[in-house]
Amino acid sequence: MTYRVHVRVIPRAGLLDPQGQAVEHALGVLGFGGVRDVRVGKAIELGVEADGPAQAREAARAMCDRLLANPVTEDYEIEVEG
Amino acid sequence: MRRVAVVRFPGSNCEEDTFRAIERAGAEACYVWHRDADLAGADAVILPGGFSYGDYLRSGAIARFSPVMAAVQDFARAGGPVLGICNGFQILCEAGLLPGALLRNAGLAFTSRPVRCRVEHAGTPFTSAFEPGTVVRLPVANGDGRFTADPATLDLLEAEGRVVLRYLDNPNGSARDIAGICSPGGTVVGIMPHPERADHSLLGAADGAGFFTSLAAAPAGAP
């Protein structure tokens, strides 16, 4: 069956994330105090044909390692629906 | 005389300048399409600047899986000279032919202006026309130009003398002011500045010409 897979790709902690900094600054300007460590990444949704959720997760992991995330600069999290 | 292939990806936009810079240096230039499976018998390959595949996902991330990149990988591994300029540098990093990555500029701005760089490594096929330490003025034009690598990789690049170009006035927050690096053998080179936009006095600067005359002067037939 087809599993809905959600992949979140986030810049690795410790690396400068100027987008996160800019968003953090803007939130401060809007009066949202106490916001720290903002990081901006990507959300990728996939429909994955697989025999089960574990297989769908494994397939998504391989996709992240090869294409969806850059192993030098990004971490990823995978969530499989159902 | 050398035959130099310029790879065109969908979204490349510096290939014609690069083509002409090669010819002006006295070498023969040819285009290779990203779907091609071979490099048309070239002695050297240049991946030009631009926005291949619209920079979707990450700059260079999709282009690295183009059919032609398999041929570029084989050519590079056999010791063939490969130069990536700007988006070409990003593609070489994504392809694993060079270490590190190019991330969003520290100031978030797309930076398009001349910068001063020092040629740190004059032993590559693309920099042999320079004296080591030569300061050149070259345009940068990028949004994702901030060179990043883990500290161990940066130390290794420094220790092995693989920093090819270094900014004198770092425009984007690149680690250790790095503007260009090379492979361990020096044959695969990636640089963010655009020498093809500064290879003739009519363009306001001719400092970039050396990258192409270096190549034209090298013996043909490699690798």
# chains A, B, ... in the order shown; residues from 1 in each chain; ligands from 1
>>> residues_around(residues="Gly20 of chain A", least_positions_apart="6", cutoff="7 Å", atoms="only C-alpha atoms", output="PDB file with C-alpha atoms, in the first residue's frame")
ATOM      1  CA  VAL A  38      15.304  29.202  15.595  1.00  0.00           C
ATOM      2  CA  ARG A  39      16.296  26.978  12.700  1.00  0.00           C
ATOM      3  CA  VAL A  40      14.679  26.911   9.278  1.00  0.00           C
TER       4      VAL A  40
END
>>> interface_residues(of="chain B", to="chain A", cutoff="8 Å", atoms="only C-alpha atoms", output="list in words")
Leu57, Ala61, Ile62, Glu94, Gly100, Ala101, Arg104, Asn105, Ala106, Gly107, Leu108, Ala149 and Asp150 of chain B
>>> write_last_selection(atoms="C-alpha atoms", output="compact mmCIF listing (two decimals), in the first residue's frame")
# COMPACT_ATOMS: atom_id res chain seq x y z
CA LEU B 57 16.08 21.12 -2.84
CA ALA B 61 21.64 18.51 -5.45
CA ILE B 62 19.64 17.44 -8.51
CA GLU B 94 27.04 17.49 -3.78
CA GLY B 100 32.10 20.39 2.31
CA ALA B 101 29.01 22.27 1.17
CA ARG B 104 23.13 30.34 2.30
CA ASN B 105 25.30 33.46 2.57
CA ALA B 106 25.72 34.69 6.12
CA GLY B 107 24.06 38.02 5.28
CA LEU B 108 21.24 36.22 3.42
CA ALA B 149 32.86 21.89 6.35
CA ASP B 150 33.50 20.30 9.73
>>> select_by_dssp(residues="segment 39-203 of chain B", states="strand (DSSP E)", output="PyMOL selection string")
chain B and resi 44-47+82-85+101-103+111-119+135-142+146-148+163-167+178-182+188-191
>>> write_last_selection(atoms="C-alpha atoms", output="PDB file, in the first residue's frame")
ATOM      1  CA  ALA B  44      39.245  18.846 -19.338  1.00  0.00           C
ATOM      2  CA  VAL B  45      35.729  19.596 -18.102  1.00  0.00           C
ATOM      3  CA  ILE B  46      34.179  22.745 -16.684  1.00  0.00           C
ATOM      4  CA  LEU B  47      30.869  22.807 -14.814  1.00  0.00           C
ATOM      5  CA  VAL B  82      37.588  19.288 -13.665  1.00  0.00           C
ATOM      6  CA  LEU B  83      36.721  22.850 -12.697  1.00  0.00           C
ATOM      7  CA  GLY B  84      33.429  23.810 -11.068  1.00  0.00           C
ATOM      8  CA  ILE B  85      32.596  27.500 -11.047  1.00  0.00           C
ATOM      9  CA  ALA B 101      29.014  22.272   1.169  1.00  0.00           C
ATOM     10  CA  LEU B 102      27.963  25.742   0.043  1.00  0.00           C
ATOM     11  CA  LEU B 103      25.251  27.192   2.277  1.00  0.00           C
ATOM     12  CA  THR B 111      25.987  38.866  -3.397  1.00  0.00           C
ATOM     13  CA  SER B 112      27.057  40.105  -6.822  1.00  0.00           C
ATOM     14  CA  ARG B 113      30.206  42.186  -6.799  1.00  0.00           C
ATOM     15  CA  PRO B 114      33.944  41.961  -7.379  1.00  0.00           C
ATOM     16  CA  VAL B 115      35.995  40.562  -4.511  1.00  0.00           C
ATOM     17  CA  ARG B 116      39.709  40.243  -3.960  1.00  0.00           C
ATOM     18  CA  CYS B 117      41.107  36.738  -3.587  1.00  0.00           C
ATOM     19  CA  ARG B 118      44.563  35.319  -3.134  1.00  0.00           C
ATOM     20  CA  VAL B 119      45.700  32.373  -5.234  1.00  0.00           C
ATOM     21  CA  VAL B 135      45.880  38.688  -5.567  1.00  0.00           C
ATOM     22  CA  VAL B 136      43.118  38.638  -8.163  1.00  0.00           C
ATOM     23  CA  ARG B 137      39.900  40.601  -8.399  1.00  0.00           C
ATOM     24  CA  LEU B 138      36.996  38.426  -9.503  1.00  0.00           C
ATOM     25  CA  PRO B 139      33.209  38.789  -9.407  1.00  0.00           C
ATOM     26  CA  VAL B 140      31.123  36.639  -7.095  1.00  0.00           C
ATOM     27  CA  ALA B 141      27.429  36.188  -7.847  1.00  0.00           C
ATOM     28  CA  ASN B 142      25.660  33.792  -5.526  1.00  0.00           C
ATOM     29  CA  ARG B 146      29.233  30.162   2.144  1.00  0.00           C
ATOM     30  CA  PHE B 147      31.730  27.325   2.175  1.00  0.00           C
ATOM     31  CA  THR B 148      31.175  25.053   5.162  1.00  0.00           C
ATOM     32  CA  VAL B 163      42.769  25.799  -0.393  1.00  0.00           C
ATOM     33  CA  VAL B 164      43.105  27.156  -3.942  1.00  0.00           C
ATOM     34  CA  LEU B 165      41.561  30.608  -3.516  1.00  0.00           C
ATOM     35  CA  ARG B 166      41.040  32.631  -0.347  1.00  0.00           C
ATOM     36  CA  TYR B 167      38.967  35.795   0.056  1.00  0.00           C
ATOM     37  CA  ILE B 178      37.787  29.858   1.586  1.00  0.00           C
ATOM     38  CA  ALA B 179      36.740  30.770  -1.961  1.00  0.00           C
ATOM     39  CA  GLY B 180      38.005  27.635  -3.683  1.00  0.00           C
ATOM     40  CA  ILE B 181      39.412  24.192  -2.917  1.00  0.00           C
ATOM     41  CA  CYS B 182      40.744  21.172  -4.766  1.00  0.00           C
ATOM     42  CA  VAL B 188      39.355  18.679  -9.320  1.00  0.00           C
ATOM     43  CA  VAL B 189      38.913  22.341  -8.424  1.00  0.00           C
ATOM     44  CA  GLY B 190      35.874  24.255  -7.222  1.00  0.00           C
ATOM     45  CA  ILE B 191      35.716  28.042  -6.896  1.00  0.00           C
TER      46      ILE B 191
END
>>> atom_distance(atom1="atom CA of Glu16 of chain B", atom2="atom CA of Tyr31 of chain B")
9.3 Å
>>> residues_around(residues="Ile10 of chain A", least_positions_apart="6", cutoff="6 Å", atoms="only C-alpha atoms", output="count of residues only")
3
>>> closest_residue(among="A:Val7, A:Leu30, A:Val23, A:Ala13", to="Leu46 of chain A", atoms="only C-alpha atoms")
A:Val7
>>> closest_residue(among="B:Pro48, B:Gly96, B:Gly41, B:Gly79", to="Ser12 of chain B", atoms="only C-alpha atoms")
B:Pro48
>>> decode(residues="chain A", atoms="C-alpha atoms", output="PDB file, in the first residue's frame")
ATOM      1  CA  MET A   1       0.000   0.000   0.000  1.00  0.00           C
ATOM      2  CA  THR A   2       0.965   3.650  -0.156  1.00  0.00           C
ATOM      3  CA  TYR A   3       2.214   5.248   3.033  1.00  0.00           C
ATOM      4  CA  ARG A   4       2.253   8.959   3.621  1.00  0.00           C
ATOM      5  CA  VAL A   5       5.773   9.802   4.756  1.00  0.00           C
ATOM      6  CA  HIS A   6       6.785  13.123   6.301  1.00  0.00           C
ATOM      7  CA  VAL A   7      10.461  14.047   6.164  1.00  0.00           C
ATOM      8  CA  ARG A   8      11.833  16.979   8.121  1.00  0.00           C
ATOM      9  CA  VAL A   9      15.268  18.253   7.120  1.00  0.00           C
ATOM     10  CA  ILE A  10      16.920  20.644   9.568  1.00  0.00           C
ATOM     11  CA  PRO A  11      20.290  22.429   9.416  1.00  0.00           C
ATOM     12  CA  ARG A  12      22.645  20.658  11.779  1.00  0.00           C
ATOM     13  CA  ALA A  13      22.935  22.177  15.252  1.00  0.00           C
ATOM     14  CA  GLY A  14      26.045  24.283  15.581  1.00  0.00           C
ATOM     15  CA  LEU A  15      26.087  25.385  11.951  1.00  0.00           C
ATOM     16  CA  LEU A  16      25.244  28.998  11.268  1.00  0.00           C
ATOM     17  CA  ASP A  17      21.645  29.235  10.042  1.00  0.00           C
ATOM     18  CA  PRO A  18      21.187  32.823   8.830  1.00  0.00           C
ATOM     19  CA  GLN A  19      17.544  32.149   7.891  1.00  0.00           C
ATOM     20  CA  GLY A  20      16.847  30.995  11.430  1.00  0.00           C
ATOM     21  CA  GLN A  21      18.587  34.072  12.810  1.00  0.00           C
ATOM     22  CA  ALA A  22      16.565  36.379  10.566  1.00  0.00           C
ATOM     23  CA  VAL A  23      13.291  34.736  11.604  1.00  0.00           C
ATOM     24  CA  GLU A  24      14.306  34.909  15.265  1.00  0.00           C
ATOM     25  CA  HIS A  25      15.055  38.593  14.898  1.00  0.00           C
ATOM     26  CA  ALA A  26      11.729  39.240  13.161  1.00  0.00           C
ATOM     27  CA  LEU A  27       9.827  37.400  15.888  1.00  0.00           C
ATOM     28  CA  GLY A  28      11.559  39.594  18.454  1.00  0.00           C
ATOM     29  CA  VAL A  29      10.537  42.708  16.540  1.00  0.00           C
ATOM     30  CA  LEU A  30       6.920  41.466  16.581  1.00  0.00           C
ATOM     31  CA  GLY A  31       7.073  41.195  20.363  1.00  0.00           C
ATOM     32  CA  PHE A  32       7.474  37.440  20.691  1.00  0.00           C
ATOM     33  CA  GLY A  33      10.027  37.481  23.469  1.00  0.00           C
ATOM     34  CA  GLY A  34      12.033  34.540  24.725  1.00  0.00           C
ATOM     35  CA  VAL A  35      12.367  32.777  21.366  1.00  0.00           C
ATOM     36  CA  ARG A  36      15.733  31.061  20.984  1.00  0.00           C
ATOM     37  CA  ASP A  37      17.611  28.798  18.579  1.00  0.00           C
ATOM     38  CA  VAL A  38      15.304  29.202  15.595  1.00  0.00           C
ATOM     39  CA  ARG A  39      16.296  26.978  12.700  1.00  0.00           C
ATOM     40  CA  VAL A  40      14.679  26.911   9.278  1.00  0.00           C
ATOM     41  CA  GLY A  41      14.602  23.659   7.357  1.00  0.00           C
ATOM     42  CA  LYS A  42      12.370  21.842   4.908  1.00  0.00           C
ATOM     43  CA  ALA A  43       9.342  19.601   5.159  1.00  0.00           C
ATOM     44  CA  ILE A  44       8.996  17.018   2.399  1.00  0.00           C
ATOM     45  CA  GLU A  45       5.919  14.800   2.003  1.00  0.00           C
ATOM     46  CA  LEU A  46       6.085  11.581   0.057  1.00  0.00           C
ATOM     47  CA  GLY A  47       3.664   8.860  -0.959  1.00  0.00           C
ATOM     48  CA  VAL A  48       5.720   5.683  -0.694  1.00  0.00           C
ATOM     49  CA  GLU A  49       4.651   2.271  -1.975  1.00  0.00           C
ATOM     50  CA  ALA A  50       5.825  -0.303   0.561  1.00  0.00           C
ATOM     51  CA  ASP A  51       4.848  -3.603   2.198  1.00  0.00           C
ATOM     52  CA  GLY A  52       4.603  -1.990   5.638  1.00  0.00           C
ATOM     53  CA  PRO A  53       5.414   1.138   7.613  1.00  0.00           C
ATOM     54  CA  ALA A  54       8.862  -0.123   8.541  1.00  0.00           C
ATOM     55  CA  GLN A  55       9.706  -0.662   4.870  1.00  0.00           C
ATOM     56  CA  ALA A  56       8.353   2.785   4.005  1.00  0.00           C
ATOM     57  CA  ARG A  57      10.542   4.307   6.713  1.00  0.00           C
ATOM     58  CA  GLU A  58      13.581   2.381   5.479  1.00  0.00           C
ATOM     59  CA  ALA A  59      12.972   3.558   1.915  1.00  0.00           C
ATOM     60  CA  ALA A  60      12.646   7.176   3.088  1.00  0.00           C
ATOM     61  CA  ARG A  61      15.863   6.846   5.063  1.00  0.00           C
ATOM     62  CA  ALA A  62      17.705   5.736   1.923  1.00  0.00           C
ATOM     63  CA  MET A  63      16.198   8.688   0.024  1.00  0.00           C
ATOM     64  CA  CYS A  64      17.392  11.078   2.731  1.00  0.00           C
ATOM     65  CA  ASP A  65      20.888   9.632   2.700  1.00  0.00           C
ATOM     66  CA  ARG A  66      21.182   9.911  -1.084  1.00  0.00           C
ATOM     67  CA  LEU A  67      19.254  13.042  -1.978  1.00  0.00           C
ATOM     68  CA  LEU A  68      16.780  14.641   0.403  1.00  0.00           C
ATOM     69  CA  ALA A  69      19.331  15.732   3.020  1.00  0.00           C
ATOM     70  CA  ASN A  70      22.955  16.787   2.739  1.00  0.00           C
ATOM     71  CA  PRO A  71      24.927  14.573   5.134  1.00  0.00           C
ATOM     72  CA  VAL A  72      27.507  17.347   5.581  1.00  0.00           C
ATOM     73  CA  THR A  73      25.141  20.005   6.871  1.00  0.00           C
ATOM     74  CA  GLU A  74      21.692  18.608   7.628  1.00  0.00           C
ATOM     75  CA  ASP A  75      19.900  16.156   9.904  1.00  0.00           C
ATOM     76  CA  TYR A  76      16.549  14.586   9.126  1.00  0.00           C
ATOM     77  CA  GLU A  77      13.568  13.028  10.881  1.00  0.00           C
ATOM     78  CA  ILE A  78      11.088  10.633   9.292  1.00  0.00           C
ATOM     79  CA  GLU A  79       7.467  10.083  10.287  1.00  0.00           C
ATOM     80  CA  VAL A  80       5.265   7.459   8.634  1.00  0.00           C
ATOM     81  CA  GLU A  81       1.478   7.837   8.842  1.00  0.00           C
ATOM     82  CA  GLY A  82      -0.666   4.865   9.753  1.00  0.00           C
TER      83      GLY A  82
END
